[in-house]
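**Q** The structure is given below, and queries will be raised subsequently.
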Amino acid sequence: MRFHSLPESKRYPESEEEYAIVLDRNNTVLDELFANTDVFVVTVDWSATPTGPAGYPTRQTLHPEGIRWWTESYQDDPEFHMHTRLYADRRRWHRGCLDELLRAVADDALAEVFVADTELRRIHHPYDGGADVILATPAERDRLRDLHKDWLSSHPASL
């Protein structure tokens with residue numbers, strides 16, 4: 001399911017008031033998914049070489065507790081090599097604990113962040129303009145959708 005971060009599907013915040021809306025919507029959904037539980041916070045970086053330089057240098061600054069979890073290398077094309085590195089940490093979810101990351105994602109200063117429960121059954125993936133949410137059951141999806149109908153896209157494909 002996809003939620004938009006700002007009214008009328010506006011993509012980028014332009015004022016502190018709009019950043020407050022972005023953070024409130026993300027934190028509200030994250031609270032509903034992960035209240036009083038531990039979560040994995042995952043950030044991603046990539047480069048043309050196995051060790052860098054980083055495609056998003058802000059990742060290290062904004063997620064210093066992330067430890068390298070996995071590296072996926074694409075080298076099938078001799079002209080193009082891409083090394084994607086995932087960094088993760090485990091923490092107790094509480095409202096506001098990811099505000100710096102969420103704000104950077106809203107500004108497209110950081111991409112490919114996700115938060116998941118420790119069983120990887122519920123995932124919150126913010127992007128510049130909104131968040132995609134994967135839930136364990138259709139009933140959970142429907143409940144969350146019904147709570148926040150005003151945050152859904154009016155596009156026929158829900159994009």
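The chains in the structure tokens are called A, B, ... from first to last as shown; in each chain the residues are counted from 1, and the ligands are counted from 1 in the order shown.
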Using the chain letters and numbers from this document, which residues of stretch 75-126 of chain A does DSSP assign to strand (DSSP E or B), as JSON, numbers by chain?
**A** {"A": [75, 76, 77, 80, 81, 82, 83, 84, 85, 86, 87, 88, 89, 90, 91, 92, 113, 114, 115, 116, 117, 123, 124, 125, 126]}
**Q** Which residues are near A:Pro78? Cut-off 12 Å, only C-alpha atoms, ignore same chain within fewer than 4 positions. Put them as a CSV table (one decimal) with N, CA and C atoms, in the first residue's frame.
**A**
```csv
chain,number,residue,atom,x,y,z
A,48,ALA,N,30.3,2.0,-7.9
A,48,ALA,CA,30.8,1.2,-9.1
A,48,ALA,C,31.9,0.3,-8.7
A,74,TYR,N,26.5,-6.5,-9.0
A,74,TYR,CA,26.1,-6.8,-10.3
A,74,TYR,C,27.2,-6.5,-11.2
A,82,MET,N,27.9,-2.6,-10.5
A,82,MET,CA,27.2,-1.9,-9.4
A,82,MET,C,27.3,-2.8,-8.2
```
**Q** Select, from A:Arg103, A:Arg92, A:Arg122, A:His155, the residue with the minimum atom-to-atom distance to A:Thr58, counting only C-alpha atoms.
**A** A:Arg103
**Q** Counting only C-alpha atoms, figure out which residue out of A:Pro156, A:Val105, A:His124, A:Arg90 gets nearest to A:Pro13.
**A** A:Val105
**Q** Report as a PyMOL selection string all protein, DNA and RNA residues lying within 7 Å of A:Ile123, evaluated on only C-alpha atoms, omitting residues in the same chain fewer than 2 positions from it.
**A** chain A and resi 114-117+120-121+125+133-135
**Q** Taking only chain A into account, list the residues labelled helix (DSSP H, G or I) by DSSP (computed from the backbone), as an MDAnalysis selection string.
**A** chainID A and resid 7:9 16:34 58:62 99:106 138:147 149:151
**Q** Taking N, CA and C atoms for each residue, export the selection above as a compact mmCIF listing (two decimals), in the first residue's frame.
**A**
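The result, written out as selection.txt:
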```txt
# COMPACT_ATOMS: atom_id res chain seq x y z
N PRO A 7 -0.48 16.54 1.54
CA PRO A 7 -1.79 16.67 0.91
C PRO A 7 -1.67 16.90 -0.59
N GLU A 8 -2.69 16.44 -1.31
CA GLU A 8 -2.79 16.59 -2.76
C GLU A 8 -1.59 15.98 -3.49
N SER A 9 -0.97 14.98 -2.88
CA SER A 9 0.15 14.23 -3.47
C SER A 9 1.35 15.11 -3.81
N GLU A 16 8.74 24.38 7.01
CA GLU A 16 8.78 23.58 8.24
C GLU A 16 7.42 22.96 8.54
N GLU A 17 6.35 23.66 8.19
CA GLU A 17 5.01 23.12 8.39
C GLU A 17 4.82 21.85 7.55
N GLU A 18 5.30 21.88 6.32
CA GLU A 18 5.17 20.69 5.47
C GLU A 18 6.09 19.56 5.94
N TYR A 19 7.28 19.88 6.43
CA TYR A 19 8.13 18.83 7.01
C TYR A 19 7.44 18.20 8.22
N ALA A 20 6.74 19.01 9.01
CA ALA A 20 6.02 18.47 10.17
C ALA A 20 4.94 17.49 9.72
N ILE A 21 4.26 17.77 8.61
CA ILE A 21 3.25 16.85 8.09
C ILE A 21 3.90 15.55 7.64
N VAL A 22 5.01 15.66 6.89
CA VAL A 22 5.73 14.46 6.42
C VAL A 22 6.13 13.59 7.60
N LEU A 23 6.74 14.20 8.62
CA LEU A 23 7.20 13.43 9.78
C LEU A 23 6.02 12.85 10.55
N ASP A 24 4.95 13.62 10.70
CA ASP A 24 3.80 13.11 11.44
C ASP A 24 3.17 11.92 10.73
N ARG A 25 2.99 12.00 9.42
CA ARG A 25 2.39 10.88 8.69
C ARG A 25 3.27 9.64 8.77
N ASN A 26 4.57 9.79 8.55
CA ASN A 26 5.45 8.64 8.64
C ASN A 26 5.46 8.06 10.05
N ASN A 27 5.60 8.91 11.06
CA ASN A 27 5.65 8.42 12.44
C ASN A 27 4.33 7.79 12.87
N THR A 28 3.22 8.31 12.39
CA THR A 28 1.92 7.73 12.73
C THR A 28 1.82 6.30 12.21
N VAL A 29 2.18 6.10 10.95
CA VAL A 29 2.13 4.74 10.38
C VAL A 29 3.15 3.85 11.08
N LEU A 30 4.36 4.35 11.29
CA LEU A 30 5.38 3.55 11.98
C LEU A 30 4.92 3.16 13.39
N ASP A 31 4.27 4.09 14.11
CA ASP A 31 3.71 3.75 15.42
C ASP A 31 2.70 2.62 15.32
N GLU A 32 1.83 2.70 14.32
CA GLU A 32 0.79 1.68 14.16
C GLU A 32 1.38 0.32 13.79
N LEU A 33 2.51 0.33 13.10
CA LEU A 33 3.15 -0.93 12.72
C LEU A 33 4.03 -1.51 13.83
N PHE A 34 4.74 -0.65 14.55
CA PHE A 34 5.85 -1.13 15.37
C PHE A 34 5.83 -0.67 16.83
N THR A 58 25.68 10.84 2.57
CA THR A 58 24.96 11.17 3.79
C THR A 58 24.52 9.94 4.57
N ARG A 59 24.51 8.77 3.94
CA ARG A 59 24.08 7.55 4.64
C ARG A 59 24.90 7.32 5.89
N GLN A 60 26.22 7.44 5.79
CA GLN A 60 27.10 7.21 6.95
C GLN A 60 26.82 8.20 8.07
N THR A 61 26.59 9.44 7.73
CA THR A 61 26.31 10.47 8.73
C THR A 61 24.97 10.25 9.41
N LEU A 62 23.97 9.88 8.63
CA LEU A 62 22.62 9.74 9.17
C LEU A 62 22.33 8.38 9.80
N ASP A 99 13.55 10.60 12.63
CA ASP A 99 13.19 11.86 11.98
C ASP A 99 14.28 12.40 11.05
N GLU A 100 15.54 12.30 11.44
CA GLU A 100 16.61 12.79 10.56
C GLU A 100 16.65 11.98 9.26
N LEU A 101 16.54 10.66 9.36
CA LEU A 101 16.51 9.82 8.16
C LEU A 101 15.28 10.14 7.30
N LEU A 102 14.13 10.26 7.92
CA LEU A 102 12.90 10.53 7.17
C LEU A 102 12.95 11.88 6.48
N ARG A 103 13.54 12.84 7.13
CA ARG A 103 13.66 14.18 6.52
C ARG A 103 14.62 14.12 5.33
N ALA A 104 15.72 13.39 5.45
CA ALA A 104 16.67 13.25 4.33
C ALA A 104 16.02 12.53 3.16
N VAL A 105 15.21 11.52 3.45
CA VAL A 105 14.50 10.81 2.38
C VAL A 105 13.51 11.77 1.70
N ALA A 106 12.80 12.56 2.48
CA ALA A 106 11.84 13.52 1.91
C ALA A 106 12.52 14.50 0.96
N PRO A 138 -3.90 -9.34 4.36
CA PRO A 138 -4.82 -8.37 3.74
C PRO A 138 -5.66 -7.62 4.78
N ALA A 139 -6.01 -8.28 5.87
CA ALA A 139 -6.81 -7.62 6.92
C ALA A 139 -6.03 -6.47 7.54
N GLU A 140 -4.73 -6.67 7.80
CA GLU A 140 -3.91 -5.58 8.34
C GLU A 140 -3.83 -4.43 7.34
N ARG A 141 -3.63 -4.78 6.08
CA ARG A 141 -3.56 -3.76 5.03
C ARG A 141 -4.85 -2.95 5.00
N ASP A 142 -5.97 -3.63 5.00
CA ASP A 142 -7.26 -2.94 4.91
C ASP A 142 -7.51 -2.05 6.11
N ARG A 143 -7.14 -2.52 7.29
CA ARG A 143 -7.32 -1.71 8.51
C ARG A 143 -6.51 -0.43 8.42
N LEU A 144 -5.23 -0.54 8.02
CA LEU A 144 -4.37 0.63 7.93
C LEU A 144 -4.85 1.57 6.81
N ARG A 145 -5.25 1.01 5.71
CA ARG A 145 -5.79 1.81 4.59
C ARG A 145 -7.00 2.60 5.05
N ASP A 146 -7.90 1.94 5.78
CA ASP A 146 -9.13 2.61 6.22
C ASP A 146 -8.86 3.70 7.25
N LEU A 147 -7.81 3.56 8.04
CA LEU A 147 -7.45 4.59 9.01
C LEU A 147 -6.94 5.87 8.35
N LYS A 149 -7.33 6.98 4.82
CA LYS A 149 -7.82 7.11 3.44
C LYS A 149 -7.40 8.42 2.80
N ASP A 150 -7.32 9.48 3.60
CA ASP A 150 -6.95 10.79 3.05
C ASP A 150 -5.50 10.85 2.59
N TRP A 151 -4.69 9.88 2.98
CA TRP A 151 -3.28 9.88 2.60
C TRP A 151 -3.02 9.03 1.36
```
**Q** Quick one: of A:Glu79, A:Asp128, A:Asp107, A:Asp38, who's nearest to A:Arg91, counting only C-alpha atoms?
**A**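 When distances to A:Arg91 are compared using only C-alpha atoms, the smallest one comes from A:Asp38.
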**Q** Which residue is closest to A:Pro50? Choose from A:Arg85, A:Arg68, A:His63, A:Arg11 and count only C-alpha atoms.
**A**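 Of all the options, A:Arg85 lies closest to A:Pro50.
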**Q** Quick one: pull the distance between atom CA of A:Ala35 and atom CA of A:Lys10, Å, one decimal.
**A**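 Interatomic distance here is 27.7 Å.
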**Q** Please determine, counting only C-alpha atoms, which residue among A:Glu65, A:Asp45, A:Glu14, A:Glu112 has the shortest atom-to-atom distance to A:Asp89.
**A**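 Between A:Glu65, A:Asp45, A:Glu14, A:Glu112, the residue approaching A:Asp89 most closely is A:Glu65.
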